[in-house]
>>> print(open('model-v3.pdb').read())   # PDB, C-alpha atoms
ATOM      1  CA  MET O  11      70.152 105.983  87.858
ATOM      2  CA  ASP O  12      73.612 104.769  88.836
ATOM      3  CA  GLN O  13      75.981 104.339  85.950
ATOM      4  CA  SER O  14      77.802 101.047  85.673
ATOM      5  CA  ASP O  15      81.534 100.835  86.187
ATOM      6  CA  ASP O  16      82.000 100.211  82.463
ATOM      7  CA  GLU O  17      80.120 103.391  81.564
ATOM      8  CA  LEU O  18      82.123 105.398  84.062
ATOM      9  CA  VAL O  19      85.394 103.910  82.839
ATOM     10  CA  ARG O  20      84.571 105.017  79.301
ATOM     11  CA  ALA O  21      83.760 108.503  80.569
ATOM     12  CA  VAL O  22      87.024 108.686  82.530
ATOM     13  CA  ALA O  23      88.881 107.570  79.407
ATOM     14  CA  ALA O  24      87.426 110.645  77.728
ATOM     15  CA  GLY O  25      88.760 112.800  80.587
ATOM     16  CA  ASP O  26      85.539 113.121  82.602
ATOM     17  CA  GLU O  27      86.534 114.037  86.166
ATOM     18  CA  ARG O  28      82.985 113.687  87.494
ATOM     19  CA  ALA O  29      82.946 110.077  86.364
ATOM     20  CA  PHE O  30      86.264 109.553  88.119
ATOM     21  CA  ARG O  31      84.810 111.036  91.294
ATOM     22  CA  HIS O  32      81.896 108.581  91.106
ATOM     23  CA  LEU O  33      84.355 105.702  90.876
ATOM     24  CA  VAL O  34      86.419 107.052  93.764
ATOM     25  CA  ASP O  35      83.272 107.311  95.895
ATOM     26  CA  ARG O  36      82.117 103.845  94.873
ATOM     27  CA  HIS O  37      85.327 101.876  95.299
ATOM     28  CA  GLY O  38      87.576 104.014  97.477
ATOM     29  CA  PRO O  39      86.011 103.214 100.862
ATOM     30  CA  LYS O  40      85.973  99.456 100.166
ATOM     31  CA  LEU O  41      89.586  99.515  99.047
ATOM     32  CA  ARG O  42      90.501 101.526 102.125
ATOM     33  CA  ALA O  43      88.628  99.098 104.404
ATOM     34  CA  ILE O  44      90.620  96.176 103.022
ATOM     35  CA  ALA O  45      93.973  97.964 103.082
ATOM     36  CA  GLY O  46      93.271  99.190 106.595
ATOM     37  CA  GLN O  47      93.136  95.623 107.852
ATOM     38  CA  PHE O  48      96.743  95.022 106.857
ATOM     39  CA  LEU O  49      98.567  98.337 106.732
ATOM     40  CA  ASP O  50      98.852 101.298 109.008
ATOM     41  CA  ALA O  51      96.691 104.302 108.186
ATOM     42  CA  GLY O  52      99.272 106.137 106.094
ATOM     43  CA  GLU O  53     100.233 103.061 104.111
ATOM     44  CA  ALA O  54      96.594 102.162 103.535
ATOM     45  CA  ASP O  55      95.870 105.666 102.242
ATOM     46  CA  ASP O  56      98.891 105.450  99.945
ATOM     47  CA  ALA O  57      97.780 102.088  98.567
ATOM     48  CA  VAL O  58      94.309 103.422  97.748
ATOM     49  CA  GLN O  59      95.720 106.622  96.268
ATOM     50  CA  ASP O  60      98.144 104.644  94.120
ATOM     51  CA  ALA O  61      95.425 102.353  92.766
ATOM     52  CA  LEU O  62      93.031 105.167  91.891
ATOM     53  CA  ILE O  63      95.624 107.437  90.321
ATOM     54  CA  ARG O  64      97.023 104.560  88.303
ATOM     55  CA  PHE O  65      93.557 103.955  86.969
ATOM     56  CA  TRP O  66      93.129 107.650  86.105
ATOM     57  CA  ARG O  67      96.361 107.635  84.153
ATOM     58  CA  GLN O  68      95.685 104.372  82.342
ATOM     59  CA  ALA O  69      91.954 104.743  81.798
ATOM     60  CA  GLY O  70      92.379 105.071  78.046
ATOM     61  CA  ARG O  71      94.061 101.704  77.855
ATOM     62  CA  PHE O  72      91.795  99.994  80.316
ATOM     63  CA  ASP O  73      89.999  97.033  78.762
ATOM     64  CA  SER O  74      86.858  96.144  80.690
ATOM     65  CA  GLU O  75      86.539  92.899  78.769
ATOM     66  CA  LYS O  76      89.801  91.624  80.218
ATOM     67  CA  ALA O  77      89.106  92.522  83.851
ATOM     68  CA  ALA O  78      86.461  94.335  85.816
ATOM     69  CA  LEU O  79      87.656  97.673  87.152
ATOM     70  CA  SER O  80      86.977  96.601  90.724
ATOM     71  CA  THR O  81      89.089  93.450  90.321
ATOM     72  CA  TRP O  82      91.890  95.513  88.824
ATOM     73  CA  LEU O  83      91.791  98.005  91.705
ATOM     74  CA  TYR O  84      91.666  95.259  94.325
ATOM     75  CA  ARG O  85      94.659  93.582  92.711
ATOM     76  CA  ILE O  86      96.773  96.710  93.152
ATOM     77  CA  VAL O  87      95.750  97.150  96.777
ATOM     78  CA  VAL O  88      96.095  93.459  97.659
ATOM     79  CA  ASN O  89      99.540  93.300  96.061
ATOM     80  CA  ARG O  90     100.585  96.367  97.999
ATOM     81  CA  CYS O  91      99.381  94.785 101.241
ATOM     82  CA  ILE O  92     101.215  91.560 100.507
ATOM     83  CA  ASP O  93     104.421  93.352  99.500
ATOM     84  CA  ILE O  94     104.535  95.533 102.584
ATOM     85  CA  ARG O  95     103.733  92.688 104.930
ATOM     86  CA  ARG O  96     106.344  90.506 103.297
ATOM     87  CA  GLN O  97     108.941  93.210 103.835
ATOM     88  CA  ARG O  98     107.881  93.841 107.390
ATOM     89  CA  PHE O  99     107.050  90.423 108.700
ATOM     90  CA  ARG O 100     108.607  88.067 106.176
ATOM     91  CA  TRP O 101     105.036  86.919 105.683
ATOM     92  CA  PRO O 102     104.957  83.646 103.778
ATOM     93  CA  TRP O 103     102.091  83.972 101.309
ATOM     94  CA  SER O 104     101.652  80.252 100.729
ATOM     95  CA  PRO O 105      98.237  78.941  99.722
ATOM     96  CA  VAL O 106      96.763  77.502 102.908
ATOM     97  CA  ASP O 107      98.563  76.957 106.163
ATOM     98  CA  GLU O 108      96.840  74.553 108.482
ATOM     99  CA  ALA O 109      98.680  76.103 111.402
ATOM    100  CA  GLU O 110      96.667  79.239 110.725
ATOM    101  CA  ASP O 111      93.364  77.460 110.974
ATOM    102  CA  GLN O 112      92.376  79.187 114.182
ATOM    103  CA  PRO O 113      92.463  82.809 115.223
ATOM    104  CA  SER O 114      95.393  83.802 117.356
ATOM    105  CA  ALA O 115      95.106  82.860 121.006
ATOM    106  CA  ASP O 116      95.162  86.389 122.364
ATOM    107  CA  VAL O 117      91.942  87.367 120.608
ATOM    108  CA  GLY O 118      89.808  86.351 123.562
ATOM    109  CA  ALA O 119      91.784  88.464 125.991
ATOM    110  CA  GLU O 120      91.753  91.413 123.615
ATOM    111  CA  ARG O 121      88.044  91.032 123.207
ATOM    112  CA  VAL O 122      87.473  91.132 126.953
ATOM    113  CA  LEU O 123      89.370  94.377 127.114
ATOM    114  CA  ALA O 124      87.590  95.703 124.082
ATOM    115  CA  GLY O 125      84.219  95.557 125.764
ATOM    116  CA  VAL O 126      80.874  94.398 124.578
ATOM    117  CA  GLU O 127      79.930  96.526 121.651
ATOM    118  CA  THR O 128      79.176  94.110 118.835
ATOM    119  CA  PHE O 129      80.999  95.870 116.042
ATOM    120  CA  ARG O 130      84.044  96.465 118.133
ATOM    121  CA  HIS O 131      83.948  92.860 119.218
ATOM    122  CA  VAL O 132      83.708  91.702 115.619
ATOM    123  CA  ALA O 133      86.462  94.099 114.572
ATOM    124  CA  THR O 134      88.721  92.633 117.235
ATOM    125  CA  VAL O 135      87.952  89.086 116.161
ATOM    126  CA  ILE O 136      88.649  89.997 112.530
ATOM    127  CA  ALA O 137      91.949  91.561 113.539
ATOM    128  CA  GLY O 138      92.879  88.288 115.230
ATOM    129  CA  LEU O 139      92.216  86.136 112.187
ATOM    130  CA  PRO O 140      95.184  84.694 110.332
ATOM    131  CA  ALA O 141      96.252  87.097 107.612
ATOM    132  CA  ARG O 142      95.093  85.028 104.658
ATOM    133  CA  GLN O 143      91.721  84.298 106.192
ATOM    134  CA  ARG O 144      91.331  87.973 106.977
ATOM    135  CA  MET O 145      92.193  88.994 103.421
ATOM    136  CA  ALA O 146      89.824  86.418 101.929
ATOM    137  CA  LEU O 147      87.062  87.495 104.307
ATOM    138  CA  MET O 148      87.509  91.183 103.558
ATOM    139  CA  LEU O 149      87.508  90.585  99.816
ATOM    140  CA  ALA O 150      84.379  88.417 100.112
ATOM    141  CA  THR O 151      82.418  90.796 102.336
ATOM    142  CA  ALA O 152      83.689  94.364 102.000
ATOM    143  CA  GLY O 153      84.789  93.751  98.419
ATOM    144  CA  ASP O 154      81.911  91.517  97.262
ATOM    145  CA  ARG O 155      84.427  89.314  95.443
ATOM    146  CA  THR O 156      83.645  85.754  94.432
ATOM    147  CA  ALA O 157      85.823  82.802  95.423
ATOM    148  CA  GLU O 158      87.182  82.748  91.873
ATOM    149  CA  ASP O 159      88.197  86.407  92.104
ATOM    150  CA  ILE O 160      89.772  85.866  95.501
ATOM    151  CA  ALA O 161      91.725  82.865  94.265
ATOM    152  CA  ALA O 162      93.119  84.955  91.429
ATOM    153  CA  LEU O 163      93.886  87.926  93.669
ATOM    154  CA  LEU O 164      95.692  85.836  96.284
ATOM    155  CA  GLY O 165      97.389  83.523  93.825
ATOM    156  CA  VAL O 166      95.848  80.391  95.321
ATOM    157  CA  SER O 167      93.605  77.660  93.962
ATOM    158  CA  ARG O 168      89.869  78.150  94.009
ATOM    159  CA  ALA O 169      89.531  75.338  96.563
ATOM    160  CA  ALA O 170      92.060  77.049  98.835
ATOM    161  CA  ALA O 171      90.242  80.368  98.503
ATOM    162  CA  GLU O 172      86.953  78.696  99.368
ATOM    163  CA  GLN O 173      88.533  77.137 102.444
ATOM    164  CA  LEU O 174      89.888  80.478 103.586
ATOM    165  CA  ILE O 175      86.541  82.234 103.171
ATOM    166  CA  ALA O 176      84.579  79.471 104.894
ATOM    167  CA  ARG O 177      86.993  79.214 107.826
ATOM    168  CA  ALA O 178      87.020  82.951 108.338
ATOM    169  CA  ARG O 179      83.222  83.157 108.318
ATOM    170  CA  ARG O 180      82.996  80.191 110.700
ATOM    171  CA  ASN O 181      85.428  81.860 113.076
ATOM    172  CA  ILE O 182      83.533  85.143 113.053
ATOM    173  CA  ARG O 183      80.194  83.414 113.425
ATOM    174  CA  ALA O 184      81.483  81.365 116.344
ATOM    175  CA  ALA O 185      82.885  84.467 118.001
ATOM    176  CA  MET O 186      79.564  86.250 117.596
ATOM    177  CA  ARG O 187      77.731  83.355 119.196
ATOM    178  CA  GLU O 188      80.009  83.315 122.230
ATOM    179  CA  PRO O 189      78.776  85.313 125.164
ATOM    180  CA  THR O 190      80.814  88.472 125.424
ATOM    181  CA  HIS O 191      82.788  89.039 128.572
ATOM    182  CA  GLY O 192      82.763  92.172 130.578
ATOM    183  CA  SER O 193      79.343  93.236 129.377
ATOM    184  CA  ASP O 194      77.304  95.733 131.300
TER     185      ASP O 194
ATOM    186  CA  MET B  27      70.758  69.853  98.473
ATOM    187  CA  ASP B  28      70.862  68.955 102.175
ATOM    188  CA  ARG B  29      71.463  71.308 105.083
ATOM    189  CA  THR B  30      75.184  70.514 105.408
ATOM    190  CA  GLU B  31      75.833  71.187 101.748
ATOM    191  CA  PHE B  32      73.783  74.362 101.973
ATOM    192  CA  GLU B  33      75.784  75.572 104.955
ATOM    193  CA  ASN B  34      79.091  74.857 103.243
ATOM    194  CA  LYS B  35      78.054  76.739 100.127
ATOM    195  CA  LEU B  36      76.597  79.540 102.217
ATOM    196  CA  LEU B  37      79.914  80.070 103.978
ATOM    197  CA  VAL B  38      81.769  80.255 100.669
ATOM    198  CA  ARG B  39      79.310  82.073  98.409
ATOM    199  CA  GLY B  40      77.641  84.345 100.907
ATOM    200  CA  ALA B  41      74.004  84.997 101.677
ATOM    201  CA  ASP B  42      72.967  86.609  98.399
ATOM    202  CA  LEU B  43      71.485  83.669  96.532
ATOM    203  CA  ASP B  44      71.203  85.755  93.369
ATOM    204  CA  ARG B  45      74.998  85.570  93.117
ATOM    205  CA  TRP B  46      75.097  81.793  93.337
ATOM    206  CA  PRO B  47      75.132  79.609  90.243
ATOM    207  CA  ALA B  48      71.522  79.294  89.112
ATOM    208  CA  ALA B  49      71.136  75.564  89.728
ATOM    209  CA  GLU B  50      72.611  75.786  93.239
ATOM    210  CA  ALA B  51      70.491  78.803  94.090
ATOM    211  CA  GLU B  52      67.379  76.982  92.959
ATOM    212  CA  ALA B  53      68.261  73.937  95.094
ATOM    213  CA  ALA B  54      68.974  76.218  98.052
ATOM    214  CA  ARG B  55      65.621  77.979  97.683
ATOM    215  CA  ARG B  56      63.826  74.639  97.639
ATOM    216  CA  LEU B  57      65.595  73.664 100.872
ATOM    217  CA  LEU B  58      64.870  77.010 102.498
ATOM    218  CA  ALA B  59      61.197  76.635 101.699
ATOM    219  CA  THR B  60      60.974  73.443 103.738
ATOM    220  CA  ASP B  61      63.731  73.578 106.355
ATOM    221  CA  PRO B  62      63.531  76.166 109.179
ATOM    222  CA  GLU B  63      67.103  75.430 110.379
ATOM    223  CA  SER B  64      68.443  76.320 106.952
ATOM    224  CA  ARG B  65      66.606  79.601 107.191
ATOM    225  CA  THR B  66      68.279  80.177 110.570
ATOM    226  CA  LEU B  67      71.670  79.473 109.003
ATOM    227  CA  LEU B  68      70.939  82.003 106.271
ATOM    228  CA  ALA B  69      69.818  84.615 108.785
ATOM    229  CA  ASP B  70      72.942  83.982 110.860
ATOM    230  CA  LEU B  71      75.213  84.512 107.898
ATOM    231  CA  ILE B  72      73.436  87.691 106.875
ATOM    232  CA  ALA B  73      73.932  88.985 110.417
ATOM    233  CA  THR B  74      77.584  87.891 110.413
ATOM    234  CA  ASP B  75      78.390  89.555 107.091
ATOM    235  CA  ASN B  76      76.532  92.710 108.067
ATOM    236  CA  ALA B  77      78.520  92.836 111.291
ATOM    237  CA  ILE B  78      81.781  92.332 109.391
ATOM    238  CA  ARG B  79      80.941  95.128 106.950
ATOM    239  CA  ALA B  80      79.867  97.456 109.725
ATOM    240  CA  ALA B  81      82.916  96.672 111.840
ATOM    241  CA  THR B  82      85.343  97.350 109.009
ATOM    242  CA  ALA B  83      83.518 100.108 107.125
ATOM    243  CA  THR B  84      85.457 103.268 106.573
ATOM    244  CA  THR B  85      85.229 106.459 104.599
ATOM    245  CA  LEU B  86      87.950 108.095 102.598
ATOM    246  CA  ASP B  87      89.706 110.783 104.533
ATOM    247  CA  ALA B  88      89.120 114.230 102.996
ATOM    248  CA  ALA B  89      92.861 114.819 102.790
ATOM    249  CA  LEU B  90      93.300 111.570 100.852
ATOM    250  CA  VAL B  91      90.548 112.533  98.408
ATOM    251  CA  GLY B  92      92.191 115.927  98.051
ATOM    252  CA  ARG B  93      95.529 114.338  97.206
ATOM    253  CA  ILE B  94      93.935 112.049  94.632
ATOM    254  CA  PHE B  95      92.185 114.892  92.847
ATOM    255  CA  ALA B  96      95.211 117.132  93.065
ATOM    256  CA  ALA B  97      97.115 114.414  91.248
ATOM    257  CA  THR B  98      94.485 114.248  88.529
ATOM    258  CA  GLN B  99      94.986 117.971  87.919
ATOM    259  CA  ARG B 100      98.692 117.395  87.366
ATOM    260  CA  LEU B 101      98.250 114.255  85.303
ATOM    261  CA  PRO B 102      95.825 114.221  82.401
ATOM    262  CA  ALA B 103      93.654 111.144  82.134
ATOM    263  CA  GLY B 104      94.994 108.490  79.815
ATOM    264  CA  ARG B 105      92.788 109.238  76.834
ATOM    265  CA  ARG B 106      91.610 106.586  74.456
ATOM    266  CA  LEU B 107      93.233 108.280  71.499
ATOM    267  CA  TRP B 108      93.015 105.469  69.007
ATOM    268  CA  SER B 109      89.598 104.098  69.808
ATOM    269  CA  GLY B 110      87.898 106.039  66.990
ATOM    270  CA  TRP B 111      90.411 104.777  64.442
ATOM    271  CA  ARG B 112      90.028 101.086  65.199
ATOM    272  CA  PRO B 113      87.553 100.348  62.381
ATOM    273  CA  VAL B 114      89.906 101.714  59.705
ATOM    274  CA  LEU B 115      93.091 100.139  61.069
ATOM    275  CA  PRO B 116      93.017  97.044  58.796
ATOM    276  CA  ALA B 117      92.563  99.175  55.689
ATOM    277  CA  GLY B 118      95.295 101.523  56.903
ATOM    278  CA  ALA B 119      97.654  98.615  57.439
ATOM    279  CA  LEU B 120      96.989  97.370  53.902
ATOM    280  CA  VAL B 121      97.679 100.813  52.446
ATOM    281  CA  ALA B 122     100.899 101.020  54.482
ATOM    282  CA  VAL B 123     102.056  97.627  53.183
ATOM    283  CA  LEU B 124     101.316  98.671  49.600
ATOM    284  CA  LEU B 125     103.201 101.939  50.050
ATOM    285  CA  VAL B 126     106.240 100.098  51.405
ATOM    286  CA  ALA B 127     106.070  97.611  48.538
ATOM    287  CA  VAL B 128     105.837 100.354  45.914
ATOM    288  CA  SER B 129     108.637 102.372  47.562
ATOM    289  CA  GLY B 130     110.789  99.270  47.751
ATOM    290  CA  PHE B 131     110.189  98.457  44.121
ATOM    291  CA  ARG B 132     111.009 101.991  43.063
ATOM    292  CA  ALA B 133     114.159 102.033  45.165
ATOM    293  CA  GLY B 134     115.224  98.707  43.689
ATOM    294  CA  TYR B 135     114.470  99.929  40.199
ATOM    295  CA  ASP B 136     116.552 103.074  40.699
ATOM    296  CA  ASP B 137     119.474 101.161  42.208
ATOM    297  CA  GLY B 138     119.366  98.487  39.550
ATOM    298  CA  PHE B 139     118.959 100.622  36.504
ATOM    299  CA  GLY B 140     119.366 104.302  37.286
ATOM    300  CA  GLN B 141     122.619 103.693  39.156
ATOM    301  CA  ALA B 142     123.868 101.377  36.434
ATOM    302  CA  GLU B 143     123.488 104.217  33.954
ATOM    303  CA  GLU B 144     125.553 106.489  36.231
ATOM    304  CA  ILE B 145     128.303 103.847  36.410
ATOM    305  CA  ASP B 146     128.393 103.521  32.711
ATOM    306  CA  LEU B 147     128.454 107.267  32.320
ATOM    307  CA  ALA B 148     131.283 107.625  34.854
ATOM    308  CA  ALA B 149     133.289 104.954  33.090
ATOM    309  CA  ILE B 150     132.830 106.643  29.792
ATOM    310  CA  ILE B 151     133.887 110.018  31.233
ATOM    311  CA  THR B 152     136.972 108.690  33.000
ATOM    312  CA  GLY B 153     137.777 106.098  30.421
ATOM    313  CA  ASP B 154     138.275 103.372  33.026
ATOM    314  CA  ASP B 155     136.596 101.621  35.963
ATOM    315  CA  TYR B 156     137.646 104.274  38.551
ATOM    316  CA  ALA B 157     134.151 105.655  38.962
ATOM    317  CA  GLU B 158     132.632 102.247  39.643
ATOM    318  CA  GLY B 159     135.221 101.519  42.339
ATOM    319  CA  ASN B 160     134.286 104.654  44.216
ATOM    320  CA  LEU B 161     130.652 103.925  44.235
ATOM    321  CA  PRO B 162     129.230 102.729  47.500
TER     322      PRO B 162
END
>>> encode(input="model-v3.pdb", output="structure tokens")
Amino acid sequence: MDQSDDELVRAVAAGDERAFRHLVDRHGPKLRAIAGQFLDAGEADDAVQDALIRFWRQAGRFDSEKAALSTWLYRIVVNRCIDIRRQRFRWPWSPVDEAEDQPSADVGAERVLAGVETFRHVATVIAGLPARQRMALMLATAGDRTAEDIAALLGVSRAAAEQLIARARRNIRAAMREPTHGSD
Amino acid sequence: MDRTEFENKLLVRGADLDRWPAAEAEAARRLLATDPESRTLLADLIATDNAIRAATATTLDAALVGRIFAATQRLPAGRRLWSGWRPVLPAGALVAVLLVAVSGFRAGYDDGFGQAEEIDLAAIITGDDYAEGNLP
């Protein structure tokens, strides 16, 4: 039977490397999927590595009653994504920007070039979402985070987080309903 | 719960009704039992979220995993050294306070009385107050 995160955290705190490997296998790919939406491959790998090694080093002080391990790991990766994007793009991380309500205009053209394969199509649409919508969507789907978690991770109100998640899902759903261009 | 409310909550909370607040999940299940369009909305969202997960899924690169575990070899895990001592910490703190109090009392006693005897003795030996003036 799968051990819970709390059980594995206690084992890691006692120096159990196998427990750490379980946690890496469980959370690493999800963290990498989220980071990969915002950072280049090397930066995304670094963000995941940093989060997991920080946990390894601080496992003895980790208090599962204060925060779930997954939330703690996501916070490190999300903060890294925000920091790097701020440096690179002067990305304003304000709560909700109405101007970002719709995906960027070039998504359609990119999608035509991308072809018809559903996953690739969806990946292209996701890549065209406004950054905050994309982050909220990734945390909600790949990360299985609740709106409350996402609000805390992004530093926005719960209502704003809910808006971001709903808009992102609407945009993806609408894109999936559109007939794809250039299909065989 | 009507269909519009269901759709709005679906888009925020996701398709797994077990993760919804119990009362909302119950209302949603009642609607789903009677409304085919709500069931279509649920099926659509499941398909959407599955597509999102599949489109963004990734595995950890072997080199990245190697770097992570190499780092764990260099850095010992942060052990929970004090966890076993937590139950006795209050008693330990009390003992520590008592020890400080006793030490303080003894130090005060020595300074107040033992040192006074030395001053007196020095004065007697020198025949004046010289010794007292040199004391710290």
>>> residues_around(input="model-v3.pdb", residues="Glu75 in chain O", least_positions_apart="4", cutoff="12 Å", atoms="only C-alpha atoms", output="ChimeraX atom specification")
/O:15-16,19,71,79,81-82
>>> interface_residues(input="model-v3.pdb", of="chain O", to="chain B", cutoff="7 Å", atoms="all atoms listed in the file", output="compact mmCIF listing (two decimals) with C-alpha atoms, keeping the file's coordinate frame")
# COMPACT_ATOMS: atom_id res chain seq x y z
CA ALA O 23 88.88 107.57 79.41
CA ALA O 24 87.43 110.64 77.73
CA GLY O 25 88.76 112.80 80.59
CA GLY O 38 87.58 104.01 97.48
CA PRO O 39 86.01 103.21 100.86
CA ARG O 42 90.50 101.53 102.12
CA ALA O 43 88.63 99.10 104.40
CA ASP O 55 95.87 105.67 102.24
CA GLN O 59 95.72 106.62 96.27
CA ILE O 63 95.62 107.44 90.32
CA TRP O 66 93.13 107.65 86.10
CA ARG O 67 96.36 107.64 84.15
CA GLN O 68 95.68 104.37 82.34
CA ALA O 69 91.95 104.74 81.80
CA GLY O 70 92.38 105.07 78.05
CA ARG O 71 94.06 101.70 77.86
CA PHE O 129 81.00 95.87 116.04
CA ARG O 130 84.04 96.46 118.13
CA VAL O 132 83.71 91.70 115.62
CA ALA O 133 86.46 94.10 114.57
CA THR O 151 82.42 90.80 102.34
CA ALA O 152 83.69 94.36 102.00
CA THR O 156 83.64 85.75 94.43
CA GLU O 172 86.95 78.70 99.37
CA ILE O 175 86.54 82.23 103.17
CA ALA O 176 84.58 79.47 104.89
CA ARG O 179 83.22 83.16 108.32
CA ARG O 183 80.19 83.41 113.42
>>> atom_distance(input="model-v3.pdb", atom1="CA of Ala61 in chain O", atom2="CA of Arg144 in chain O")
20.6 Å
>>> resolve_selection(input="model-v3.pdb", expression="the PyMOL selection byres ((chain O and resi 88-95) around 12)", output="PyMOL selection string")
chain O and resi 41-50+53-61+80-87+96-104+141-142+144-146+148-149+153+159-165
>>> atom_distance(input="model-v3.pdb", atom1="CA of Ala51 in chain B", atom2="CA of Leu68 in chain B")
12.6 Å
